[in-house]
>>> print(open('work.tsv').read())   # TSV, C-alpha atoms
chain	number	residue	atom	x	y	z
A	1	MET	CA	-5.17	-48.19	-191.78
A	2	ARG	CA	-8.43	-49.82	-190.85
A	3	PHE	CA	-10.76	-51.68	-193.14
A	4	SER	CA	-14.24	-53.01	-192.72
A	5	TYR	CA	-14.89	-56.68	-193.14
A	6	THR	CA	-16.64	-57.12	-196.46
A	7	LYS	CA	-20.01	-58.77	-196.58
A	8	GLU	CA	-20.44	-61.21	-199.45
A	9	PRO	CA	-23.48	-63.18	-200.49
A	10	GLY	CA	-24.39	-66.43	-198.81
A	11	ALA	CA	-25.53	-69.52	-200.68
A	12	THR	CA	-29.09	-68.28	-201.06
A	13	PRO	CA	-30.66	-64.84	-200.95
A	14	THR	CA	-31.87	-65.57	-197.43
A	15	GLU	CA	-28.67	-67.07	-196.02
A	16	LYS	CA	-26.57	-65.08	-193.63
A	17	TRP	CA	-23.76	-63.29	-195.38
A	18	LYS	CA	-20.11	-64.15	-195.19
A	19	ALA	CA	-17.85	-61.48	-193.74
A	20	ARG	CA	-14.24	-61.58	-194.86
A	21	PRO	CA	-11.20	-59.39	-194.17
A	22	TYR	CA	-10.43	-57.97	-197.59
A	23	VAL	CA	-7.91	-55.20	-198.17
A	24	PRO	CA	-7.67	-52.96	-201.23
A	25	PHE	CA	-4.16	-52.62	-202.60
A	26	THR	CA	-2.08	-52.09	-205.70
A	27	LEU	CA	0.29	-54.78	-206.95
A	28	ARG	CA	3.18	-53.34	-208.90
A	29	GLY	CA	5.58	-55.10	-211.20
A	30	PRO	CA	8.33	-54.06	-213.59
A	31	ARG	CA	5.95	-52.88	-216.29
A	32	GLY	CA	2.57	-52.23	-214.85
A	33	SER	CA	0.31	-52.37	-211.86
A	34	VAL	CA	-3.18	-53.51	-211.03
A	35	GLN	CA	-5.52	-52.53	-208.25
A	36	LEU	CA	-6.85	-55.56	-206.45
A	37	VAL	CA	-8.88	-56.65	-203.48
A	38	GLY	CA	-6.99	-59.24	-201.46
A	39	LEU	CA	-7.97	-61.54	-198.64
A	40	LEU	CA	-5.83	-61.31	-195.53
A	41	ASP	CA	-4.77	-64.89	-194.80
A	42	SER	CA	-2.53	-65.34	-191.80
A	43	GLY	CA	-2.33	-69.05	-192.60
A	44	ALA	CA	-0.83	-68.56	-196.03
A	45	ASP	CA	2.96	-68.67	-196.22
A	46	ILE	CA	3.15	-66.20	-199.08
A	47	CYS	CA	1.02	-63.85	-201.11
A	48	LEU	CA	-0.61	-65.69	-203.98
A	49	PHE	CA	-2.18	-64.50	-207.21
A	50	ASP	CA	-3.56	-65.83	-210.44
A	51	GLY	CA	-0.86	-66.26	-213.06
A	52	GLU	CA	-2.63	-63.88	-215.42
A	53	ILE	CA	-1.94	-61.06	-212.99
A	54	ALA	CA	1.79	-61.62	-213.47
A	55	VAL	CA	1.42	-60.89	-217.16
A	56	ALA	CA	-0.60	-57.75	-216.42
A	57	ILE	CA	2.23	-56.25	-214.36
A	58	GLY	CA	4.94	-57.12	-216.84
A	59	LEU	CA	6.29	-60.40	-215.52
A	60	LYS	CA	7.04	-63.51	-217.51
A	61	LEU	CA	5.72	-66.27	-215.33
A	62	GLU	CA	8.34	-68.89	-216.16
A	63	ASP	CA	11.19	-66.50	-215.38
A	64	GLY	CA	10.40	-66.80	-211.71
A	65	ILE	CA	11.52	-69.37	-209.18
A	66	GLN	CA	9.28	-72.39	-209.34
A	67	ILE	CA	7.97	-73.90	-206.14
A	68	ALA	CA	4.91	-75.94	-205.25
A	69	SER	CA	1.97	-74.67	-203.25
A	70	ARG	CA	-0.12	-77.04	-201.25
A	71	GLY	CA	-3.72	-76.47	-200.31
A	72	VAL	CA	-5.76	-77.81	-197.46
A	73	GLU	CA	-6.72	-80.94	-199.36
A	74	GLY	CA	-3.10	-81.87	-199.93
A	75	GLY	CA	-2.58	-81.37	-203.63
A	76	ARG	CA	0.25	-79.42	-205.19
A	77	LEU	CA	0.22	-76.56	-207.64
A	78	ALA	CA	3.12	-75.15	-209.59
A	79	THR	CA	3.82	-71.65	-208.33
A	80	TRP	CA	6.29	-69.08	-209.63
A	81	LEU	CA	7.85	-66.61	-207.27
A	82	HIS	CA	8.62	-63.09	-208.40
A	83	PRO	CA	9.62	-59.88	-206.66
A	84	ALA	CA	6.84	-57.31	-206.68
A	85	ARG	CA	5.67	-54.35	-204.67
A	86	ILE	CA	2.47	-53.86	-202.74
A	87	LEU	CA	0.87	-50.56	-201.82
A	88	VAL	CA	-2.08	-50.81	-199.46
A	89	ASP	CA	-4.74	-48.16	-199.89
A	90	GLY	CA	-4.09	-45.40	-197.40
A	91	ASP	CA	-0.48	-46.39	-196.76
A	92	HIS	CA	2.39	-43.99	-197.32
A	93	SER	CA	4.75	-46.25	-199.23
A	94	GLU	CA	4.86	-49.59	-200.96
A	95	ILE	CA	6.42	-52.72	-199.52
A	96	PRO	CA	8.73	-55.03	-201.45
A	97	CYS	CA	7.38	-58.53	-201.44
A	98	THR	CA	8.17	-61.85	-203.08
A	99	VAL	CA	4.84	-63.16	-204.28
A	100	GLY	CA	3.64	-66.34	-205.92
A	101	PHE	CA	1.69	-66.71	-209.14
A	102	ILE	CA	-0.30	-69.82	-209.94
A	103	PRO	CA	-1.62	-70.42	-213.45
A	104	GLY	CA	-5.32	-71.10	-213.32
A	105	PHE	CA	-5.60	-70.17	-209.64
A	106	THR	CA	-9.30	-70.02	-208.88
A	107	GLY	CA	-8.97	-68.38	-205.49
A	108	THR	CA	-9.07	-64.77	-204.53
A	109	PRO	CA	-5.80	-62.80	-204.29
A	110	ILE	CA	-4.22	-63.77	-200.98
A	111	LEU	CA	-2.11	-61.58	-198.75
A	112	GLY	CA	0.00	-63.99	-196.71
A	113	GLN	CA	2.82	-64.08	-194.20
A	114	GLU	CA	6.10	-63.57	-196.07
A	115	GLY	CA	6.51	-59.95	-197.00
A	116	PHE	CA	3.06	-58.73	-196.13
A	117	PHE	CA	2.75	-59.82	-192.50
A	118	ASP	CA	6.44	-58.93	-192.10
A	119	ALA	CA	5.57	-55.35	-192.91
A	120	PHE	CA	2.34	-54.95	-190.96
A	121	LYS	CA	0.99	-55.62	-187.54
A	122	VAL	CA	-2.37	-57.09	-188.44
A	123	THR	CA	-5.21	-56.97	-185.95
A	124	PHE	CA	-8.40	-58.84	-186.73
A	125	GLU	CA	-11.46	-57.64	-184.86
A	126	ARG	CA	-14.10	-59.81	-186.42
A	127	LYS	CA	-16.64	-59.06	-183.73
A	128	ARG	CA	-16.44	-55.39	-184.63
A	129	GLY	CA	-16.06	-56.10	-188.32
A	130	VAL	CA	-12.73	-54.32	-188.54
A	131	VAL	CA	-9.21	-55.29	-189.50
A	132	ALA	CA	-6.35	-52.90	-188.74
A	133	LEU	CA	-2.94	-52.69	-190.38
A	134	ALA	CA	-0.05	-50.83	-188.80
A	135	ARG	CA	3.39	-50.64	-190.35
A	136	VAL	CA	6.17	-52.23	-188.34
A	137	SER	CA	9.89	-51.63	-188.52
A	138	LEU	CA	11.86	-54.48	-190.05
A	139	SER	CA	14.99	-53.53	-188.15
B	1	MET	CA	-5.02	-32.29	-181.71
B	2	ALA	CA	-5.94	-32.88	-185.31
B	3	ARG	CA	-5.50	-36.39	-186.59
B	4	ALA	CA	-4.64	-37.04	-190.16
B	5	ARG	CA	-7.03	-39.10	-192.22
B	6	THR	CA	-5.53	-41.58	-194.58
B	7	THR	CA	-8.21	-41.52	-197.21
B	8	SER	CA	-11.92	-41.07	-197.47
B	9	ARG	CA	-12.33	-44.11	-199.67
B	10	LEU	CA	-15.00	-46.50	-198.52
B	11	GLY	CA	-13.81	-48.83	-195.82
B	12	VAL	CA	-10.75	-46.86	-194.85
B	13	SER	CA	-10.45	-44.50	-191.95
B	14	GLY	CA	-7.70	-42.45	-190.44
B	15	THR	CA	-8.42	-42.84	-186.77
B	16	ALA	CA	-8.91	-45.73	-184.43
B	17	GLU	CA	-12.07	-44.37	-182.92
B	18	GLU	CA	-14.22	-43.57	-185.89
B	19	PRO	CA	-16.77	-46.18	-186.85
B	20	LEU	CA	-16.20	-47.60	-190.29
B	21	PRO	CA	-18.89	-47.66	-192.92
B	22	PRO	CA	-19.83	-51.23	-193.74
B	23	VAL	CA	-18.71	-52.71	-197.03
B	24	ASP	CA	-21.75	-54.68	-198.02
B	25	LEU	CA	-21.37	-56.27	-201.43
B	26	ARG	CA	-24.09	-58.89	-201.04
B	27	GLY	CA	-26.43	-57.44	-203.61
B	28	LEU	CA	-23.76	-56.15	-205.93
B	29	LEU	CA	-21.83	-59.40	-206.23
B	30	ARG	CA	-24.65	-61.93	-206.28
B	31	PRO	CA	-24.77	-62.14	-210.12
B	32	TYR	CA	-21.02	-62.71	-210.33
B	33	GLU	CA	-20.32	-65.90	-208.42
B	34	ASN	CA	-16.99	-67.47	-209.42
B	35	ARG	CA	-16.08	-64.60	-211.71
B	36	TRP	CA	-13.62	-61.75	-211.74
B	37	VAL	CA	-15.21	-58.35	-211.36
B	38	ALA	CA	-13.81	-54.89	-211.96
B	39	LEU	CA	-15.27	-52.67	-209.26
B	40	SER	CA	-15.48	-48.92	-209.42
B	41	LEU	CA	-13.14	-47.36	-206.89
B	42	ASP	CA	-16.04	-46.50	-204.59
B	43	TRP	CA	-17.01	-50.19	-204.59
B	44	LYS	CA	-20.53	-49.31	-205.71
B	45	GLU	CA	-20.60	-50.55	-209.29
B	46	VAL	CA	-19.36	-53.50	-211.30
B	47	VAL	CA	-17.74	-51.97	-214.36
B	48	ALA	CA	-16.82	-55.27	-215.99
B	49	ALA	CA	-16.90	-58.97	-215.26
B	50	ALA	CA	-15.48	-62.11	-216.85
B	51	ASP	CA	-14.50	-65.66	-216.09
B	52	THR	CA	-10.78	-64.88	-216.16
B	53	PHE	CA	-8.69	-62.02	-214.84
B	54	SER	CA	-7.31	-61.15	-218.25
B	55	ALA	CA	-10.76	-60.99	-219.82
B	56	ALA	CA	-12.06	-58.83	-216.99
B	57	LYS	CA	-9.08	-56.53	-217.36
B	58	ALA	CA	-9.58	-56.24	-221.10
B	59	ALA	CA	-13.23	-55.36	-220.58
B	60	ALA	CA	-12.33	-52.81	-217.91
B	61	ASP	CA	-9.68	-51.29	-220.17
B	62	ARG	CA	-12.30	-50.83	-222.85
B	63	ALA	CA	-14.52	-49.06	-220.31
B	64	ARG	CA	-11.66	-46.59	-219.68
B	65	ARG	CA	-12.46	-46.23	-216.01
B	66	PRO	CA	-10.27	-46.75	-212.96
B	67	VAL	CA	-11.20	-50.01	-211.31
B	68	ARG	CA	-10.00	-52.57	-208.81
B	69	PHE	CA	-10.31	-56.26	-209.44
B	70	MET	CA	-11.87	-58.79	-207.13
B	71	ARG	CA	-12.42	-62.50	-207.52
B	72	VAL	CA	-15.91	-63.40	-206.36
B	73	LEU	CA	-15.75	-66.65	-204.47
B	74	PRO	CA	-18.36	-69.40	-204.57
B	75	PHE	CA	-21.25	-68.58	-202.28
B	76	ASP	CA	-22.01	-72.11	-201.14
B	77	VAL	CA	-18.67	-73.06	-199.60
B	78	ALA	CA	-16.51	-72.06	-196.70
B	79	TYR	CA	-13.40	-70.70	-198.33
B	80	ALA	CA	-9.98	-72.15	-197.69
B	81	PRO	CA	-7.27	-72.08	-200.33
B	82	THR	CA	-6.94	-75.41	-202.05
B	83	SER	CA	-4.68	-76.65	-204.76
B	84	GLN	CA	-7.49	-77.80	-207.01
>>> encode(input="work.tsv", output="structure tokens")
Amino acid sequence: MRFSYTKEPGATPTEKWKARPYVPFTLRGPRGSVQLVGLLDSGADICLFDGEIAVAIGLKLEDGIQIASRGVEGGRLATWLHPARILVDGDHSEIPCTVGFIPGFTGTPILGQEGFFDAFKVTFERKRGVVALARVSLS
Amino acid sequence: MARARTTSRLGVSGTAEEPLPPVDLRGLLRPYENRWVALSLDWKEVVAAADTFSAAKAAADRARRPVRFMRVLPFDVAYAPTSQ
């Protein structure tokens, strides 16, 4: 699958836009699914989502495994890990993935290394404004 | 030889050679900084918006339309995940 970088607004109407590698996908849980737009983040250890998304797909946040996530400024946020499934738009099957949920997370859904980058060869072509995903064998 | 397309949805293409249509959300998202939006599946319309995911989902559910959710990031910062 290939996806265009998405142009988002700059700080002012005249500022150059920001182009980011977003991917449309469906996050599936035990009792529900939501369609999301996620940012490909090769520097993130795991996929991360707002805690409210856990509820929407039928997970009880506190039933997960609690870890701490650390951002670039060095703080820590309580994060609950849960098994989920991700289906990228245009892909033929979903991938199992342990993902993290953070209550009050103000970021965008993040598609990170564990699970997601295990399943895909990810090629960023920022100059061309394209990101490509190709499934890889886990064997 | 024919090559299978994956989907015709905006931003997705089935072959490595075809140019991709740009996904330009500058105008569409400008009113929704720091909010959750429910986008129509063709990415052309904001069906619902709210400050939290759950509120955006509730509004989208009331609209009874298929949507995908996106968190609109602040426009005036370079984004890097933080723990604050």
>>> interface_residues(input="work.tsv", of="chain A", to="chain B", cutoff="7 Å", atoms="all atoms listed in the file", output="PyMOL selection string")
chain A and resi 1-11+35-37+52+70-73+75-77+90+107-108
>>> atom_distance(input="work.tsv", atom1="CA of Glu62 in chain A", atom2="CA of Arg31 in chain A")
16.2 Å
>>> atom_distance(input="work.tsv", atom1="CA of Ile110 in chain A", atom2="CA of Thr12 in chain A")
25.3 Å
>>> atom_distance(input="work.tsv", atom1="CA of Gly112 in chain A", atom2="CA of Ser42 in chain A")
5.7 Å
>>> residues_near_point(input="work.tsv", point="(-0.4, -56.9, -196.2)", cutoff="10 Å", atoms="all atoms listed in the file", output="ChimeraX atom specification")
/A:23-25,38-42,47,86-88,95,97,110-122,133-135
>>> residues_near_point(input="work.tsv", point="(3.8, -57.9, -219.0)", cutoff="9 Å", atoms="only C-alpha atoms", output="NGL selection string")
:A and (29-32 or 53-60)
